[in-house]
Every structure is written in C-alpha cells, then in structure tokens.
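A quick write-up on the structure given underneath.
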Amino acid sequence: MSLMPKAYGLPCPVAKTLELVGELWTLLVVRDLLRGPKKFQDLQASLDVAPGILSERLKVLEEHGIVERGFYSNHPPRAEYVLTERGRDLRPIVGALAVWGSRYIHPEAGLVHEACGTRVEVAYYCPECDARVDDVRMRASTAPGKRGTPRGRARR
C-alpha cells in the first residue's frame, strides 16, 4: 500500500513536492532529523505531536526514501530515524522557510552565520557557471535541464 498525501494534480515541481512534504508536521520532522538521528519518543516530545500522526508521517517519509528507520534495540523493538541523502537535501528548503519566517513571522529567531552572527539569506546558485543567480535571470522549464557540479567547489 502506498502512503501518499493528497495530490494537487498540477504538473508543477512545487505542487509535486508539496504532495509529499507539505503535510502538517512533515517538514518539522525533517527539521528535527537534520540535527541527527532521533528516537520516536524524542521526536514526539520535541514536536508535541500525537503518536499516530507522527507514526503516519514517518511511514510516508520512509516509504518515499526520505527517512530510514533502524533499530537500536530488538527486545523490545525500538527504532531510531535518520534522514537519507534525499532527506538531507531538504536542508535548504527548511532553511529557506526559517529565513522567510524570521523575516516576516517570527523575527525573534533566525539562522545566523556562526563566524560573525549575521543572519543568513537564501540565494540561487548555478553550479555550471559557478555564480549566484537572481530571480530575473531564471525561468520555469518543463525540460529537466542539466545537472551540474560546482566548478572548483566540493559538493555539499
């Protein structure tokens, strides 16, 4: 049985992404797992979410390759959750939400550069050109486009 949240039915990468990660609690689970592996009870305590909802979200994320479950105890069975590479690739999305939220919704908190304490900004980057790209120089495309590797930079 495939667990899939509601479908928007739109041929758009934003809509398709939201079909998977747009459900209530999902990105907060990802946010917590970005800090490292977590036990179910730790996630539940951190998020203050009902166990059934958390269990459902974790099953969807696991089924779609965003989260992996491993057992740290067999008797009784106790699971720990960790993000896969696909899940870790949601870091900039969660970060962008934090940047936007600290600017417009919750200015008391935000992401800062550890070295100097300045709030960070979100920017688009072209790995082929090794350059920052502003909104005016981008367009939507139905073609998949090239996937580049940053020139002279180690991929993160």
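Here, A, B, ... name the chains of the structure tokens in the order displayed, residue numbers run from 1 inside each chain, and ligands are numbered from 1 in the same displayed order.
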*Could you give me, as number ranges by chain, the residues within 12 Å of A:Ile93, counting only C-alpha atoms and dropping anything in the same chain fewer than 5 positions from it?*
A: 14, 17-18, 21-22, 27-28, 30-31, 34, 87-88, 98-100, 122-124
_Applying 12 Å and only C-alpha atoms, which residues near A:Gly36 remain after dropping the ones on its own chain fewer than 4 positions away? List them as a PyMOL selection string._
chain A and resi 29-32+42-43+67+80-84+87-88
Keeping only N, CA, C and O atoms, write those residues as a CSV table (one decimal), in the first residue's frame.
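The resulting file, selection-v7.csv, is reproduced below:
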```csv
chain,number,residue,atom,x,y,z
A,29,VAL,N,9.4,17.4,11.2
A,29,VAL,CA,10.1,16.1,11.5
A,29,VAL,C,11.4,16.2,10.8
A,29,VAL,O,12.5,15.8,11.4
A,30,VAL,N,11.4,16.6,9.5
A,30,VAL,CA,12.7,16.7,8.8
A,30,VAL,C,13.6,17.7,9.5
A,30,VAL,O,14.8,17.4,9.7
A,31,ARG,N,13.1,18.9,9.9
A,31,ARG,CA,13.9,19.8,10.7
A,31,ARG,C,14.6,19.2,11.8
A,31,ARG,O,15.8,19.4,12.0
A,32,ASP,N,13.9,18.4,12.6
A,32,ASP,CA,14.5,17.8,13.8
A,32,ASP,C,15.5,16.7,13.4
A,32,ASP,O,16.6,16.6,14.0
A,42,ASP,N,11.7,10.9,21.2
A,42,ASP,CA,12.4,12.2,21.2
A,42,ASP,C,11.7,13.1,20.2
A,42,ASP,O,11.5,14.3,20.5
A,43,LEU,N,11.3,12.6,19.0
A,43,LEU,CA,10.6,13.4,18.0
A,43,LEU,C,9.2,13.8,18.6
A,43,LEU,O,8.8,15.0,18.5
A,67,VAL,N,13.5,9.2,4.9
A,67,VAL,CA,13.9,8.7,6.2
A,67,VAL,C,14.1,7.2,6.2
A,67,VAL,O,13.5,6.5,5.5
A,80,GLU,N,15.1,4.1,15.7
A,80,GLU,CA,15.7,5.4,15.5
A,80,GLU,C,15.6,5.8,14.1
A,80,GLU,O,15.7,5.0,13.2
A,81,TYR,N,15.4,7.1,13.8
A,81,TYR,CA,15.1,7.6,12.5
A,81,TYR,C,16.3,8.5,12.1
A,81,TYR,O,16.8,9.3,12.9
A,82,VAL,N,16.6,8.4,10.8
A,82,VAL,CA,17.7,9.2,10.3
A,82,VAL,C,17.3,9.6,8.8
A,82,VAL,O,16.6,8.8,8.1
A,83,LEU,N,17.8,10.7,8.4
A,83,LEU,CA,17.5,11.2,7.0
A,83,LEU,C,18.4,10.5,6.1
A,83,LEU,O,19.6,10.3,6.3
A,84,THR,N,17.9,10.2,4.9
A,84,THR,CA,18.7,9.6,3.8
A,84,THR,C,19.3,10.8,3.1
A,84,THR,O,19.0,12.0,3.5
A,87,GLY,N,16.6,13.0,2.0
A,87,GLY,CA,16.1,13.8,3.2
A,87,GLY,C,17.0,15.0,3.5
A,87,GLY,O,16.5,16.1,3.8
A,88,ARG,N,18.3,14.7,3.5
A,88,ARG,CA,19.2,15.8,3.8
A,88,ARG,C,19.2,16.9,2.8
A,88,ARG,O,19.5,18.0,3.1
```
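Distances from A:Val112, A:Arg137, A:Cys12, A:Leu33 to A:Ile66 were compared using only C-alpha atoms, and the smallest one belongs to A:Leu33.
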_stretch 103-108 of chain A surroundings by only C-alpha atoms, 12 Å radius, close-in-sequence under 5 positions cut, as a list in words_ = Ala96, Leu97, Ala98, Arg119, Val120, Glu121 and Val122 of chain A
Export of the given selection (all heavy atoms) as a PDB file, in the first residue's frame:
```pdb
ATOM      1  N   ALA A  96      15.341  27.848   4.066  1.00  0.00           N
ATOM      2  CA  ALA A  96      14.659  28.969   3.405  1.00  0.00           C
ATOM      3  C   ALA A  96      13.380  29.335   4.153  1.00  0.00           C
ATOM      4  O   ALA A  96      13.051  30.522   4.300  1.00  0.00           O
ATOM      5  CB  ALA A  96      14.343  28.615   1.948  1.00  0.00           C
ATOM      6  N   LEU A  97      12.665  28.337   4.642  1.00  0.00           N
ATOM      7  CA  LEU A  97      11.474  28.617   5.450  1.00  0.00           C
ATOM      8  C   LEU A  97      11.850  29.351   6.730  1.00  0.00           C
ATOM      9  O   LEU A  97      11.151  30.274   7.162  1.00  0.00           O
ATOM     10  CB  LEU A  97      10.728  27.330   5.772  1.00  0.00           C
ATOM     11  CG  LEU A  97       9.943  26.716   4.619  1.00  0.00           C
ATOM     12  CD1 LEU A  97       9.475  25.310   4.993  1.00  0.00           C
ATOM     13  CD2 LEU A  97       8.767  27.589   4.242  1.00  0.00           C
ATOM     14  N   ALA A  98      12.966  28.953   7.339  1.00  0.00           N
ATOM     15  CA  ALA A  98      13.427  29.626   8.564  1.00  0.00           C
ATOM     16  C   ALA A  98      13.807  31.073   8.276  1.00  0.00           C
ATOM     17  O   ALA A  98      13.469  31.982   9.044  1.00  0.00           O
ATOM     18  CB  ALA A  98      14.607  28.870   9.170  1.00  0.00           C
ATOM     19  N   ARG A 119      22.584  37.351  10.232  1.00  0.00           N
ATOM     20  CA  ARG A 119      21.533  36.487   9.673  1.00  0.00           C
ATOM     21  C   ARG A 119      21.853  36.135   8.229  1.00  0.00           C
ATOM     22  O   ARG A 119      22.295  36.981   7.466  1.00  0.00           O
ATOM     23  CB  ARG A 119      20.179  37.179   9.736  1.00  0.00           C
ATOM     24  CG  ARG A 119      19.647  37.221  11.145  1.00  0.00           C
ATOM     25  CD  ARG A 119      18.196  37.580  11.162  1.00  0.00           C
ATOM     26  NE  ARG A 119      17.753  37.610  12.544  1.00  0.00           N
ATOM     27  CZ  ARG A 119      16.536  37.339  12.915  1.00  0.00           C
ATOM     28  NH1 ARG A 119      15.618  37.025  12.031  1.00  0.00           N
ATOM     29  NH2 ARG A 119      16.201  37.369  14.179  1.00  0.00           N
ATOM     30  N   VAL A 120      21.609  34.891   7.885  1.00  0.00           N
ATOM     31  CA  VAL A 120      21.893  34.433   6.524  1.00  0.00           C
ATOM     32  C   VAL A 120      20.724  34.759   5.601  1.00  0.00           C
ATOM     33  O   VAL A 120      19.608  35.013   6.057  1.00  0.00           O
ATOM     34  CB  VAL A 120      22.203  32.917   6.476  1.00  0.00           C
ATOM     35  CG1 VAL A 120      23.434  32.592   7.297  1.00  0.00           C
ATOM     36  CG2 VAL A 120      21.019  32.095   6.934  1.00  0.00           C
ATOM     37  N   GLU A 121      21.000  34.745   4.308  1.00  0.00           N
ATOM     38  CA  GLU A 121      19.986  34.953   3.281  1.00  0.00           C
ATOM     39  C   GLU A 121      19.958  33.732   2.383  1.00  0.00           C
ATOM     40  O   GLU A 121      20.909  32.964   2.336  1.00  0.00           O
ATOM     41  CB  GLU A 121      20.328  36.188   2.447  1.00  0.00           C
ATOM     42  CG  GLU A 121      20.305  37.477   3.224  1.00  0.00           C
ATOM     43  CD  GLU A 121      20.650  38.681   2.353  1.00  0.00           C
ATOM     44  OE1 GLU A 121      20.833  38.515   1.128  1.00  0.00           O
ATOM     45  OE2 GLU A 121      20.740  39.772   2.912  1.00  0.00           O
ATOM     46  N   VAL A 122      18.884  33.589   1.636  1.00  0.00           N
ATOM     47  CA  VAL A 122      18.746  32.493   0.684  1.00  0.00           C
ATOM     48  C   VAL A 122      19.100  33.041  -0.693  1.00  0.00           C
ATOM     49  O   VAL A 122      18.710  34.150  -1.052  1.00  0.00           O
ATOM     50  CB  VAL A 122      17.295  31.946   0.676  1.00  0.00           C
ATOM     51  CG1 VAL A 122      17.125  30.883  -0.388  1.00  0.00           C
ATOM     52  CG2 VAL A 122      16.943  31.403   2.046  1.00  0.00           C
TER      53      VAL A 122
END
```
